[in-house]
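Q: After the structure tokens below, expect a handful of questions from me.
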Protein chains: 2
Amino acid sequence: MCLQQPVGVGANHASTSTSREGEVSRGEDLEKEAEEWRLHPKFEREEVTVTRLEETFSLIGMVSAWLELDSPESGIRYDSELALRQELAYATYLDVRTVVLPPPRNRAHAADYARSINAILNDTFGSYMQIAIRIPVSEVERGTGSPSGLLAGRECGGLKSPQIVLSPGSIGGEEEEGGLDSAWEMWDVIRTVCGYNARLSIVLDLSPPFPLRPGAMDRWSAEPIRHLFLPATSFIPNAKGYPVLAKATQVFLKEVMQFLPIVILSKTQANLHGAGGSKGYAEYIRFLEKTSRPLQAMRTEGTLESFASTYMDRVQAPLQPLMDNLQSSTYAIFERDPVKYERYEEAVFQALQARGQKPTVLCVAGAGRGPLIARTYKAIQRCSLGRTTLYAIEKNPNALVTLQERNTLEWNGAVTLFFGDMRSVELPEKIDILISELLGSFGDNELSPECLDGAQRFLKEDGISIPSFYTAHVAPLSSSKLYNEVLHQTVGDETKNAETPYVVMFQATNVLSGEGGGVRGICGTKVQECWSFEHPRRDLFVDARGLPFSNTHNTRSAHLTFHIPHSGVLHGLAGYFEAHLYGDVSLSIHPETKAQKSNNMLSWFPFYFPLKDPLYLPANAELDVHLWRMTSRQKVWYEWYAESFLPAPTPTTSVMGYITPQTPNTPRQGSITPVRPPRPSPMLDASPSVEGPASFMDLGGGGELSRVKIGQTSLHNPGGRSSWIGL
Amino acid sequence: MCLQQPVGVGANHASTSTSREGEVSRGEDLEKEAEEWRLHPKFEREEVTVTRLEETFSLIGMVSAWLELDSPESGIRYDSELALRQELAYATYLDVRTVVLPPPRNRAHAADYARSINAILNDTFGSYMQIAIRIPVSEVERGTGSPSGLLAGRECGGLKSPQIVLSPGSIGGEEEEGGLDSAWEMWDVIRTVCGYNARLSIVLDLSPPFPLRPGAMDRWSAEPIRHLFLPATSFIPNAKGYPVLAKATQVFLKEVMQFLPIVILSKTQANLHGAGGSKGYAEYIRFLEKTSRPLQAMRTEGTLESFASTYMDRVQAPLQPLMDNLQSSTYAIFERDPVKYERYEEAVFQALQARGQKPTVLCVAGAGRGPLIARTYKAIQRCSLGRTTLYAIEKNPNALVTLQERNTLEWNGAVTLFFGDMRSVELPEKIDILISELLGSFGDNELSPECLDGAQRFLKEDGISIPSFYTAHVAPLSSSKLYNEVLHQTVGDETKNAETPYVVMFQATNVLSGEGGGVRGICGTKVQECWSFEHPRRDLFVDARGLPFSNTHNTRSAHLTFHIPHSGVLHGLAGYFEAHLYGDVSLSIHPETKAQKSNNMLSWFPFYFPLKDPLYLPANAELDVHLWRMTSRQKVWYEWYAESFLPAPTPTTSVMGYITPQTPNTPRQGSITPVRPPRPSPMLDASPSVEGPASFMDLGGGGELSRVKIGQTSLHNPGGRSSWIGL
């Protein structure tokens, strides 16, 4: 739906200042016509390329490439915005739902480009229009093609696989200023100024050359990419002449396919490749689908991805099984996990084996509907043992009914059931093995430490707990999607929503941290441990009933430093846990260990601590994360806060207290050794010599690296005002 | 009110990890006592220094210096917080309203210190307690004194001058890590984590040596300094042995006195100075008061400071005299201005003189209650002229009554009054001089451009407007006070409040920008011009009635870059205007020109564009400010957005598209020349040689300076959704 350049617009503005006062009029008539157009824009029939509703079904509109929303000339920007509004109004008239804008080219005026887009997004008319901005990933100057032609694309709803769209024309290349970081940075300005509007998305232009710098492309996972643009020129011929993609591009494409983008092809009929014809490109893309690991995982039964497919990037409030009594259906979902209970059975089995013939008293604390009891029962049967006694405690009176039933029907009454909170129930004897699964996605967030502290009084001197130990871990996360999700929760207000941790299955996200070291060599690993809990605690001071005096030993604080190799925007912290059950048996949702410890475990989606406001992080930044686990008599909660830094050379000259700069208005020119004035004299006023001659601090050239603070968040959830877990 | 170190607390914690699992108990009894204390803290009588209400009237409490809220040991932090709560509970019991905390010493744990303070501030009990944190300004290691003693201070309400308070003890010095910037930076972490709580303030410790670096002390003007601490050791003896302060300290003190802080003196009885005795210190401070320019200005009739004394840092919504009809009392306040109307009279006088004997038709557009008419009338009388005709236009029907009365009683019916909006009223003839005062604090914010556009049709070909030209200017501003004011407006919601410009008389504020240049030499001046308007506009295209077709020529955009020499937090933009009336007659509230152009003009307090969230700026940052003046048919509004950058060396090696980093986990060690791989081959997959060996980008060592983005704000007031001016 390209427009021809309307008469009288754009080229007439010769303003060289930021205001429009310097316009030179090129003829009163032309300017009058332009002014009329500005007031009442309209099209002539020959100016448009589409006219009928029948033509526009599933059409993706390409906005005229000559529009310059980021021109240095304010008059051109103004008219470009008017022309864009005119095109979009026409598109809305014809039910076109998605339009693609030409990429921003001029970093200095990215904010102007953005402000225009935002004004248009906020128009009440046309409020269903999706605006997609074409962003090239390439780092180099592009060949210039002529911006032209109709893009006839077919957009289909309800996608189960990426849609491929053909275009007869070509999208002209534009000069790319500054490279990959510059393109992403301009996108970030635009979406920030547009307030992360959900109708704003990216057409990721994969025209060659493709950036090979590892990790540089990861950032796009965090962004709303609904379309990919793949011109025929991005394909290379294989040995037989068929069009294929370079390895790096393949790898990227296979990853990004999980977001089901629409793939826009162009110049497929230009015969750029010897074999395959115009269909060869689409066929190759379909071929790549088959070997896309995440896409295939989504389609394979039994994987975490397929289980979670409807939960992707959907935030949920974490459960509070201590304060609340779960419903039978909730238990039922957890009991579907094919891995977790197998792990528990193995752990109990190993623990029993280690005890040989000794009689063993076991207790399942927090039995729910009984899956742990069932597995313990099985483990007992698999071992040839001494006498075993099996107790179970459950505070949910409703679930207790299920336990009674199973006890009769499945366990031959072998289990002695106790109703009540494990912190107050009394057992008839001390036990050898305490089994529980009170773990949340962050390990301790369902108050396992507090509960097991209350249950450990049952343990004999040499009794053990399964789990024996668990750790919480975080990593800095970027995700435009999650930021929006949290911001636009319909319940609650903005502050509360951003001060509540969630559980969510990550998909359109990117972990911003790199492996340890960083510029100064002091940063921790990509995912870092916050704290740990172990059971039982032999060092606690307990009252007459065996309960700890207070909960203070369960407070925690973590202060972590992450290396941020590429510029990005921090939207929150991803949280994970690992738990040691017994021997070599563990559970984990930690991304680097989950596969080998408990692969395809379904029970826990990762944790997510959101940030109320995004925090911009430049490349090589250091991110300090502060996380606290706080407690009162009634509740436990988390508080979090972050600061960002950039490594910088330590000033080499530091004179105690008497550093004076050069006279103002002189740009820094190297370094001048500062003079140290004498101590203040006893004269009525200090003599002029005390002030000393002007000198300048040398900021560069040697000395060790320190760091400069560049940003911070607010403190989230102080005092548990927005979210807490009830004791 | 110092506590002795309670038994069993603090020193017992030998934990070396961030959790408390590694505690070594030093005896069960001691730990049990400690645990009991943690649960139920209480004092023995010999542990406190104040017991009776009679003793605590206007007492400032000094919290025990041994508390370590920022200890690297989490156990010590925890117990310190408990002990602090215990002391504050006791202080609240005794009606002590202000307590002073020992300074933070450990930058790495400033966030922990802060979180504790915030938790305490948010307690419902003791919610009137003011918490003041002692912050030393010195850059050097302090001598160590013993933290001890009672500070008996007298705090008085309703201050008209700084209060001086004596203390028998001394405040011990603590090691100062990192210098001036470090102290302020720790304060910023604390107040940020505490959400800019209004009960949190600073005791600025001026113990020597005093920093001489110009501009470094300016930052404290933006912070809530309610107390100054001046030990006797900060005084130097003059020739006669009396205690005085060094020049730089005097200068600072005289400036900060305008905030009426309580001055806390100590060791005045230690005989450190030969003459003056213990009263000599207070007497000297009182002497400085007399030569404090801002303080004396506040007390002198006729100055802007004394006129505005009750308005300091109080934000007000700007007037909308076009959309609204002002009340007589509002006009009356403006008519008190001793300078503005004198300037207008002089301008009209000079314009008439320039016309010699020629007959002159003048029109006052927007006459209000008539002050401009009165001055114009006087100017006409002072000139011996040809014939003059005087018209006046006013749209406020109520003010029109006042005009009719004055016309009869004061101007002999010489004025022909027209009722209506100047954009639609018809005059009987063309005029020579159009006089108006439609200016707001930002120049154009009361829609003078739009109104005068509508009035210029009355002007003859060679007619002039008074004013002929006006400009708007901004500067980046820091002010903890204003940030709070805006955030806690009782009307409206947080978003709207932060997206509305205000008029406010600045006092506890600091302009963050430095003179032009900056590290890269490209930044503009301290205060920069955004845009300008001139009248009349001869280049507009007008309709049959002489009115412009549209208002587009009055849209503006400004893109300014400021140099930020010292680290600080940006809370908003200060706005000013200058207007040229005629000849050498101007009006100005621009801080650098107002004194010579229109000194002590009362009519306009500066403009203030707030930011919804503070933006942290490190030293030597570049701040890009984007400001837009937008228009629709019904209204005009401003939008604003800012980005921050740090100068950085441009990477010296840049291979197009094929830059690959070293293997992870290797800290950067100098530079390795990257290899440029050959173009993609036609093989099915790209061959391994395309990836190329790992190489690393050298970030330092030569090349020109570019800049790295480090932060940004959101876009404020998009579409005028929160604030606009009605046309």
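Convention: chains lettered A, B, ... in structure tokens order; per-chain residue numbering from 1; ligands numbered from 1 as shown.
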Could you name the residues that touch Leu573 of chain A at 6 Å or less, counting only C-alpha atoms, but leaving out those on the same chain fewer than 2 positions away, as a PDB file with N, CA, C and O atoms, in the first residue's frame?
A:
```pdb
ATOM      1  N   ALA A 475      19.283 -15.073  38.238  1.00  0.00           N
ATOM      2  CA  ALA A 475      20.004 -14.533  37.087  1.00  0.00           C
ATOM      3  C   ALA A 475      19.213 -13.332  36.565  1.00  0.00           C
ATOM      4  O   ALA A 475      17.977 -13.332  36.630  1.00  0.00           O
ATOM      5  N   PRO A 476      19.903 -12.306  36.058  1.00  0.00           N
ATOM      6  CA  PRO A 476      19.195 -11.127  35.551  1.00  0.00           C
ATOM      7  C   PRO A 476      18.513 -11.447  34.223  1.00  0.00           C
ATOM      8  O   PRO A 476      19.117 -12.022  33.328  1.00  0.00           O
ATOM      9  N   LEU A 477      17.249 -11.025  34.100  1.00  0.00           N
ATOM     10  CA  LEU A 477      16.444 -11.414  32.956  1.00  0.00           C
ATOM     11  C   LEU A 477      15.894 -10.215  32.211  1.00  0.00           C
ATOM     12  O   LEU A 477      15.490  -9.222  32.815  1.00  0.00           O
ATOM     13  N   TYR A 608      10.130 -15.599  39.345  1.00  0.00           N
ATOM     14  CA  TYR A 608      10.429 -14.338  38.658  1.00  0.00           C
ATOM     15  C   TYR A 608      10.185 -13.182  39.604  1.00  0.00           C
ATOM     16  O   TYR A 608       9.058 -12.993  40.086  1.00  0.00           O
ATOM     17  N   PHE A 609      11.256 -12.430  39.904  1.00  0.00           N
ATOM     18  CA  PHE A 609      11.132 -11.195  40.690  1.00  0.00           C
ATOM     19  C   PHE A 609      11.079 -10.045  39.693  1.00  0.00           C
ATOM     20  O   PHE A 609      12.087  -9.731  39.061  1.00  0.00           O
TER      21      PHE A 609
END
```
Q: Can you pull out every residue within 8 Å of Cys523 of chain A, counting only C-alpha atoms, but drop anything in the same chain fewer than 4 positions away, and send it as a list in words?
A: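 In the requested format, the answer is Gly516, Gly517, Gly518, Thr561, Phe562, His563 and Glu622 of chain A.
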Q: Using only N, CA and C atoms, please write the residues we just selected to a file, as a compact mmCIF listing (two decimals), in the first residue's frame.
A:
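Okay, this is what ended up in out-v2.txt:
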```txt
# COMPACT_ATOMS: atom_id res chain seq x y z
N GLY A 516 31.38 -15.76 34.33
CA GLY A 516 32.06 -14.95 35.33
C GLY A 516 33.24 -14.13 34.82
N GLY A 517 33.64 -13.21 35.64
CA GLY A 517 34.82 -12.40 35.32
C GLY A 517 34.42 -10.98 35.00
N GLY A 518 34.03 -10.74 33.75
CA GLY A 518 33.76 -9.37 33.37
C GLY A 518 35.06 -8.61 33.19
N THR A 561 27.08 -10.03 42.17
CA THR A 561 27.53 -9.15 41.09
C THR A 561 27.59 -9.94 39.79
N PHE A 562 26.86 -9.48 38.79
CA PHE A 562 26.80 -10.15 37.51
C PHE A 562 27.53 -9.35 36.44
N HIS A 563 28.15 -10.08 35.51
CA HIS A 563 28.76 -9.44 34.35
C HIS A 563 27.72 -9.37 33.24
N GLU A 622 28.39 -3.98 35.24
CA GLU A 622 28.31 -4.89 36.38
C GLU A 622 26.98 -4.62 37.05
```
Q: Run DSSP on the backbone and tell me which residues of segment 306-346 of chain A come out as alpha helix (DSSP H); list them as a list in words.
A: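 The residues of segment 306-346 of chain A classed as alpha helix (DSSP H) are Ser306, Phe307, Ser328, Ser329, Thr330, Tyr331, Ala332, Ile333, Phe334, Glu335, Lys340, Tyr341, Glu342, Arg343, Tyr344, Glu345 and Glu346 of chain A.
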Q: Out of A:Leu69, A:Leu581, A:Leu438, A:Ile190, which residue has the shortest atom-to-atom distance to chain B when counting only C-alpha atoms?
A: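 Selected residue with least distance to chain B: A:Ile190.
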Q: If we count only C-alpha atoms and set the cut-off at 10 Å, which residues sit around Ile373 of chain B, ignoring sequence neighbours fewer than 5 positions away in its own chain? Please answer as a PDB file with all heavy atoms, in the first residue's frame.
A:
```pdb
ATOM      1  N   GLU B 345       6.571  49.987  30.164  1.00  0.00           N
ATOM      2  CA  GLU B 345       6.441  51.425  29.922  1.00  0.00           C
ATOM      3  C   GLU B 345       7.665  51.932  29.166  1.00  0.00           C
ATOM      4  O   GLU B 345       7.540  52.677  28.189  1.00  0.00           O
ATOM      5  CB  GLU B 345       6.280  52.189  31.237  1.00  0.00           C
ATOM      6  CG  GLU B 345       6.098  53.685  31.014  1.00  0.00           C
ATOM      7  CD  GLU B 345       5.955  54.453  32.315  1.00  0.00           C
ATOM      8  OE1 GLU B 345       5.342  53.899  33.268  1.00  0.00           O
ATOM      9  OE2 GLU B 345       6.455  55.592  32.393  1.00  0.00           O
ATOM     10  N   LEU B 362      -2.078  52.259  18.790  1.00  0.00           N
ATOM     11  CA  LEU B 362      -1.584  51.195  19.660  1.00  0.00           C
ATOM     12  C   LEU B 362      -2.759  50.329  20.110  1.00  0.00           C
ATOM     13  O   LEU B 362      -3.900  50.804  20.210  1.00  0.00           O
ATOM     14  CB  LEU B 362      -0.904  51.747  20.910  1.00  0.00           C
ATOM     15  CG  LEU B 362       0.222  52.756  20.712  1.00  0.00           C
ATOM     16  CD1 LEU B 362      -0.310  54.179  20.778  1.00  0.00           C
ATOM     17  CD2 LEU B 362       1.304  52.544  21.753  1.00  0.00           C
ATOM     18  N   CYS B 363      -2.469  49.064  20.395  1.00  0.00           N
ATOM     19  CA  CYS B 363      -3.505  48.178  20.934  1.00  0.00           C
ATOM     20  C   CYS B 363      -2.900  47.302  22.011  1.00  0.00           C
ATOM     21  O   CYS B 363      -1.854  46.682  21.790  1.00  0.00           O
ATOM     22  CB  CYS B 363      -4.108  47.312  19.826  1.00  0.00           C
ATOM     23  SG  CYS B 363      -5.335  46.149  20.450  1.00  0.00           S
ATOM     24  N   VAL B 364      -3.560  47.283  23.167  1.00  0.00           N
ATOM     25  CA  VAL B 364      -3.157  46.359  24.227  1.00  0.00           C
ATOM     26  C   VAL B 364      -4.075  45.145  24.140  1.00  0.00           C
ATOM     27  O   VAL B 364      -5.293  45.256  24.339  1.00  0.00           O
ATOM     28  CB  VAL B 364      -3.273  47.010  25.619  1.00  0.00           C
ATOM     29  CG1 VAL B 364      -2.973  45.969  26.704  1.00  0.00           C
ATOM     30  CG2 VAL B 364      -2.324  48.198  25.728  1.00  0.00           C
ATOM     31  N   ALA B 365      -3.485  43.997  23.796  1.00  0.00           N
ATOM     32  CA  ALA B 365      -4.291  42.788  23.632  1.00  0.00           C
ATOM     33  C   ALA B 365      -4.153  41.915  24.872  1.00  0.00           C
ATOM     34  O   ALA B 365      -3.055  41.548  25.256  1.00  0.00           O
ATOM     35  CB  ALA B 365      -3.819  42.022  22.394  1.00  0.00           C
ATOM     36  N   ALA B 367      -5.880  42.835  28.061  1.00  0.00           N
ATOM     37  CA  ALA B 367      -5.597  43.980  28.937  1.00  0.00           C
ATOM     38  C   ALA B 367      -5.779  43.674  30.409  1.00  0.00           C
ATOM     39  O   ALA B 367      -5.309  44.427  31.265  1.00  0.00           O
ATOM     40  CB  ALA B 367      -6.479  45.143  28.539  1.00  0.00           C
ATOM     41  N   GLY B 368      -6.505  42.605  30.750  1.00  0.00           N
ATOM     42  CA  GLY B 368      -6.699  42.269  32.152  1.00  0.00           C
ATOM     43  C   GLY B 368      -7.424  43.385  32.892  1.00  0.00           C
ATOM     44  O   GLY B 368      -8.436  43.890  32.412  1.00  0.00           O
ATOM     45  N   LYS B 378       0.808  56.351  30.238  1.00  0.00           N
ATOM     46  CA  LYS B 378       1.886  57.178  30.786  1.00  0.00           C
ATOM     47  C   LYS B 378       2.985  57.406  29.759  1.00  0.00           C
ATOM     48  O   LYS B 378       3.526  58.510  29.627  1.00  0.00           O
ATOM     49  CB  LYS B 378       2.506  56.506  32.020  1.00  0.00           C
ATOM     50  CG  LYS B 378       1.845  56.878  33.336  1.00  0.00           C
ATOM     51  CD  LYS B 378       2.545  56.207  34.526  1.00  0.00           C
ATOM     52  CE  LYS B 378       3.914  56.856  34.793  1.00  0.00           C
ATOM     53  NZ  LYS B 378       4.576  56.210  35.951  1.00  0.00           N
ATOM     54  N   ALA B 379       3.340  56.346  29.046  1.00  0.00           N
ATOM     55  CA  ALA B 379       4.403  56.474  28.047  1.00  0.00           C
ATOM     56  C   ALA B 379       3.994  57.477  26.979  1.00  0.00           C
ATOM     57  O   ALA B 379       4.805  58.289  26.515  1.00  0.00           O
ATOM     58  CB  ALA B 379       4.706  55.114  27.435  1.00  0.00           C
ATOM     59  N   LEU B 390      -5.628  54.650  21.069  1.00  0.00           N
ATOM     60  CA  LEU B 390      -5.336  53.522  21.947  1.00  0.00           C
ATOM     61  C   LEU B 390      -6.549  52.606  22.040  1.00  0.00           C
ATOM     62  O   LEU B 390      -7.621  53.006  22.486  1.00  0.00           O
ATOM     63  CB  LEU B 390      -4.963  54.047  23.345  1.00  0.00           C
ATOM     64  CG  LEU B 390      -4.533  53.031  24.407  1.00  0.00           C
ATOM     65  CD1 LEU B 390      -3.532  52.040  23.842  1.00  0.00           C
ATOM     66  CD2 LEU B 390      -3.933  53.763  25.608  1.00  0.00           C
ATOM     67  N   TYR B 391      -6.349  51.365  21.561  1.00  0.00           N
ATOM     68  CA  TYR B 391      -7.381  50.341  21.693  1.00  0.00           C
ATOM     69  C   TYR B 391      -6.954  49.326  22.738  1.00  0.00           C
ATOM     70  O   TYR B 391      -5.772  49.195  23.070  1.00  0.00           O
ATOM     71  CB  TYR B 391      -7.577  49.604  20.364  1.00  0.00           C
ATOM     72  CG  TYR B 391      -8.031  50.479  19.224  1.00  0.00           C
ATOM     73  CD1 TYR B 391      -7.258  50.580  18.058  1.00  0.00           C
ATOM     74  CD2 TYR B 391      -9.225  51.194  19.289  1.00  0.00           C
ATOM     75  CE1 TYR B 391      -7.665  51.370  16.997  1.00  0.00           C
ATOM     76  CE2 TYR B 391      -9.634  51.987  18.232  1.00  0.00           C
ATOM     77  CZ  TYR B 391      -8.857  52.074  17.091  1.00  0.00           C
ATOM     78  OH  TYR B 391      -9.256  52.861  16.043  1.00  0.00           O
ATOM     79  N   ALA B 392      -7.931  48.569  23.257  1.00  0.00           N
ATOM     80  CA  ALA B 392      -7.612  47.469  24.168  1.00  0.00           C
ATOM     81  C   ALA B 392      -8.623  46.348  23.953  1.00  0.00           C
ATOM     82  O   ALA B 392      -9.801  46.613  23.703  1.00  0.00           O
ATOM     83  CB  ALA B 392      -7.634  47.929  25.618  1.00  0.00           C
ATOM     84  N   LEU B 403     -11.944  47.555  33.531  1.00  0.00           N
ATOM     85  CA  LEU B 403     -11.376  48.390  32.479  1.00  0.00           C
ATOM     86  C   LEU B 403     -12.266  49.592  32.180  1.00  0.00           C
ATOM     87  O   LEU B 403     -11.788  50.712  32.003  1.00  0.00           O
ATOM     88  CB  LEU B 403     -11.175  47.565  31.202  1.00  0.00           C
ATOM     89  CG  LEU B 403     -10.072  46.500  31.248  1.00  0.00           C
ATOM     90  CD1 LEU B 403     -10.093  45.657  29.969  1.00  0.00           C
ATOM     91  CD2 LEU B 403      -8.710  47.135  31.453  1.00  0.00           C
ATOM     92  N   ARG B 406     -11.795  52.148  34.977  1.00  0.00           N
ATOM     93  CA  ARG B 406     -10.511  52.867  34.908  1.00  0.00           C
ATOM     94  C   ARG B 406     -10.487  53.817  33.714  1.00  0.00           C
ATOM     95  O   ARG B 406      -9.923  54.916  33.775  1.00  0.00           O
ATOM     96  CB  ARG B 406      -9.357  51.877  34.803  1.00  0.00           C
ATOM     97  CG  ARG B 406      -9.159  51.040  36.056  1.00  0.00           C
ATOM     98  CD  ARG B 406      -7.875  50.209  36.000  1.00  0.00           C
ATOM     99  NE  ARG B 406      -6.712  51.056  36.294  1.00  0.00           N
ATOM    100  CZ  ARG B 406      -5.470  50.595  36.361  1.00  0.00           C
ATOM    101  NH1 ARG B 406      -5.226  49.315  36.134  1.00  0.00           N
ATOM    102  NH2 ARG B 406      -4.467  51.411  36.626  1.00  0.00           N
ATOM    103  N   ASN B 407     -11.107  53.401  32.647  1.00  0.00           N
ATOM    104  CA  ASN B 407     -11.132  54.242  31.453  1.00  0.00           C
ATOM    105  C   ASN B 407     -11.791  55.585  31.775  1.00  0.00           C
ATOM    106  O   ASN B 407     -11.316  56.651  31.365  1.00  0.00           O
ATOM    107  CB  ASN B 407     -11.904  53.528  30.328  1.00  0.00           C
ATOM    108  CG  ASN B 407     -11.607  54.108  28.965  1.00  0.00           C
ATOM    109  OD1 ASN B 407     -10.615  54.825  28.780  1.00  0.00           O
ATOM    110  ND2 ASN B 407     -12.452  53.822  27.994  1.00  0.00           N
ATOM    111  N   TRP B 411      -8.274  57.360  32.617  1.00  0.00           N
ATOM    112  CA  TRP B 411      -7.722  57.594  31.295  1.00  0.00           C
ATOM    113  C   TRP B 411      -8.582  58.529  30.440  1.00  0.00           C
ATOM    114  O   TRP B 411      -8.418  58.606  29.228  1.00  0.00           O
ATOM    115  CB  TRP B 411      -7.541  56.252  30.567  1.00  0.00           C
ATOM    116  CG  TRP B 411      -6.743  55.249  31.400  1.00  0.00           C
ATOM    117  CD1 TRP B 411      -5.678  55.505  32.194  1.00  0.00           C
ATOM    118  CD2 TRP B 411      -7.020  53.859  31.528  1.00  0.00           C
ATOM    119  NE1 TRP B 411      -5.236  54.352  32.801  1.00  0.00           N
ATOM    120  CE2 TRP B 411      -6.049  53.313  32.418  1.00  0.00           C
ATOM    121  CE3 TRP B 411      -7.969  52.986  30.976  1.00  0.00           C
ATOM    122  CZ2 TRP B 411      -6.016  51.967  32.772  1.00  0.00           C
ATOM    123  CZ3 TRP B 411      -7.935  51.637  31.336  1.00  0.00           C
ATOM    124  CH2 TRP B 411      -6.957  51.138  32.224  1.00  0.00           C
ATOM    125  N   VAL B 415      -9.303  55.356  25.949  1.00  0.00           N
ATOM    126  CA  VAL B 415      -9.126  54.004  25.429  1.00  0.00           C
ATOM    127  C   VAL B 415     -10.428  53.501  24.825  1.00  0.00           C
ATOM    128  O   VAL B 415     -11.498  53.684  25.408  1.00  0.00           O
ATOM    129  CB  VAL B 415      -8.710  53.044  26.563  1.00  0.00           C
ATOM    130  CG1 VAL B 415      -8.379  51.674  25.985  1.00  0.00           C
ATOM    131  CG2 VAL B 415      -7.528  53.621  27.333  1.00  0.00           C
ATOM    132  N   ILE B 435       0.659  45.545  21.824  1.00  0.00           N
ATOM    133  CA  ILE B 435       1.283  45.331  23.128  1.00  0.00           C
ATOM    134  C   ILE B 435       0.534  44.207  23.845  1.00  0.00           C
ATOM    135  O   ILE B 435      -0.693  44.219  23.921  1.00  0.00           O
ATOM    136  CB  ILE B 435       1.204  46.610  23.977  1.00  0.00           C
ATOM    137  CG1 ILE B 435       1.903  47.771  23.253  1.00  0.00           C
ATOM    138  CG2 ILE B 435       1.819  46.378  25.360  1.00  0.00           C
ATOM    139  CD1 ILE B 435       1.420  49.125  23.702  1.00  0.00           C
ATOM    140  N   SER B 436       1.305  43.254  24.376  1.00  0.00           N
ATOM    141  CA  SER B 436       0.659  42.158  25.095  1.00  0.00           C
ATOM    142  C   SER B 436       1.610  41.614  26.145  1.00  0.00           C
ATOM    143  O   SER B 436       2.822  41.774  26.045  1.00  0.00           O
ATOM    144  CB  SER B 436       0.272  41.035  24.131  1.00  0.00           C
ATOM    145  OG  SER B 436       1.439  40.423  23.623  1.00  0.00           O
TER     146      SER B 436
END
```
Q: Step one, run DSSP on the backbone; step two, keep only residues of segment 71-125 of chain B assigned to strand (DSSP E); then write them as an MDAnalysis selection string.
A: chainID B and resid 98:101
Q: Select, from B:Ser127, B:Pro606, B:Trp37, B:Trp628, the residue with the minimum atom-to-atom distance to Val503 of chain B, counting only C-alpha atoms.
A: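 Under the stated criterion, the closest residue is B:Pro606.
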Q: Give me the residues near segment 592-601 of chain B as a VMD selection string, where near means some atom within 10 Å (using only C-alpha atoms) and where sequence neighbours in that chain fewer than 2 positions away do not count.
A: chain B and resid 302 to 305 307 336 to 343 526 to 527 576 to 580 584 to 590 603 to 605
Q: Could you check the closest approach to Ala183 of chain A for each of A:Phe506, A:Phe57, A:Trp220, A:Tyr242 and tell me which residue wins, using only C-alpha atoms?
A: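 Result for the nearest residue to Ala183 of chain A: A:Trp220.
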Q: Out of A:Ala119, A:Leu53, A:Ala297, A:Val193, which residue has the shortest atom-to-atom distance to His716 of chain B when counting only C-alpha atoms?
A: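 Of A:Ala119, A:Leu53, A:Ala297, A:Val193, the one nearest His716 of chain B is A:Val193, counting only C-alpha atoms.
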